[in-house]
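Everything on this sheet refers to the single structure shown next.
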Amino acid sequence: MRLTTPESIRRLQRKLYVKAKAEPACRFHQLYDKVYREDILTHAYRLAKSQNGASGVDGVSFADIVAQGEVDWLAALRKELHDKTYRPDAVRRVTIPKPGGGERPLGIPTIRDRVVQTAAKLILEPIFEADYVDEAYGYRPRRSALDAVRQVHRGLCAGYTDVVDADLSKYFDTIPHPELMRSVAHRVVDRPMLKLIKMWLKAPIEERDERGHRRRTGGKRHAVGTPQGGVLSPLLANLYMHRYLRYWQQQGQGEQFRAKVINYADDFVILSRGHAQEALQWTRAVMAKLKLTLNESKTCIRNAQREPFDFLGYTFGPACYRKTGGRYQAAQPSARSVQRLKEKLQVVFHRGNVAPWPAVAAQANRLLRGWANYFAYGTRKKAYRAIDNYVYDRVVRFLKKRRKVSSRGTRKFPGEKVFGDLGIQRLRSLAYAQRPCALM
């Protein structure tokens, strides 16, 4: 559910953005009192509730808050902020599988901390947004990963085919607090607001083992990292990455290396006309100064005229027209992205799923349409065909088992029925936009 920002908050955000844009040296005072302003805190609560996230270390859920009384709960939180007695709780750490293998740690703050962080974000985001360069796309209003994908493809089509495919090692976990706070203080000099951000950075991390035993790490002595999963973490991560992007711009590296940088959060590529090696060396040195590390096992140089590379779920690089054999620069869903969708669909069509067929079909269609909405750019016919074929095969197997069909099932469930009466979305039936590409 998308919530509309109240006009009173929008006016404040516009005022902050316009002032920050017009006065690059301006440093903002008196921001903390806005955090507990009634309209801002109430809207922050509604935004947090709309995400329907899990409980933090205190175990308090949104249902508990509703039962207690949302007005009273918000009033108590507002009083804590007003009296400056608010202290954040520990962050609950969980791990989720990474697409490429391994696990990614996520930090889940308590609901009260998520609400206050959301309120702070409503105030801080327009200030920092005024400073960001155009090449940054991650976690920004009215910008998306698909916008970054388009820019990469346009750069390749324009001849910037000498590519630095970069990967930062554990970026969120290694951002140094002192340097990050200096980046914040470049714009914000309100001491209570700075203290609030610092408290969130210093909040301990709590983990539980299989027996339920708690273990806490971090705390006041912890000097690096902003947990992925925190509401304010993407904003802070963007702010610190901006130091690299701004320095690139100030030093004129785009002209020197005949290059473009496209950044999405901690992922970025450098597209160059023949100077990728120099751009990589410069980047490695700057990241060291920022106390960040390139993952050397994943960072590499590609010649996009001869070899592909992956970025934000897409594979970029040379492809051929099937009919003419002509080569062109393509942007298409990566093999890993296709495989990940297949794995999700396999769960939906597992024979242990006893939900009624309309519910099963609706669940599958949500996955298919969501995936297609993102992978709606560039060359996608081959990927769409692979997904359609996979879906058809899984549906036939699923219904064959459920309805105890003794044959192979293809006659009883032909493609026209699966993608017709049975209501499964066929990706190839979606409208195709004109494919943007450049002949090589």
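Every chain in the structure tokens has a letter given in the order shown (A, B, ...), and although residue numbers restart at 1 in each chain, ligands are simply numbered from 1 in the order shown.
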| task | Can you pull out every residue within 12 Å of A:Glu179, counting only C-alpha atoms, but drop anything in the same chain fewer than 6 positions away, and send it as a ChimeraX atom specification? | result | /A:185-186,198,223-225,236-237,239-241,243,289-292
| said: Can you tell me, as a VMD selection string, which residues in stretch 65-246 of chain A count as strand (DSSP E) by DSSP? | reply: chain A and resid 91 to 97 103 to 108 162 to 167 205 to 208 214 to 217
| How many Å lie between atom CA of A:Leu427 and atom CA of A:Asp388, rounded to one decimal? |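 Going from atom CA of A:Leu427 over to atom CA of A:Asp388, I get 6.4 Å.
With only C-alpha atoms as the atoms that count, the residue of A:Leu156, A:Leu341, A:Leu196, A:Ile108 with the shortest distance to A:Asp33 is A:Leu196.
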| note | Shortest contact to A:Glu307, candidates A:Ser334, A:Thr161, A:Gln51, A:Thr379, atoms counted only C-alpha atoms, goes to A:Thr161
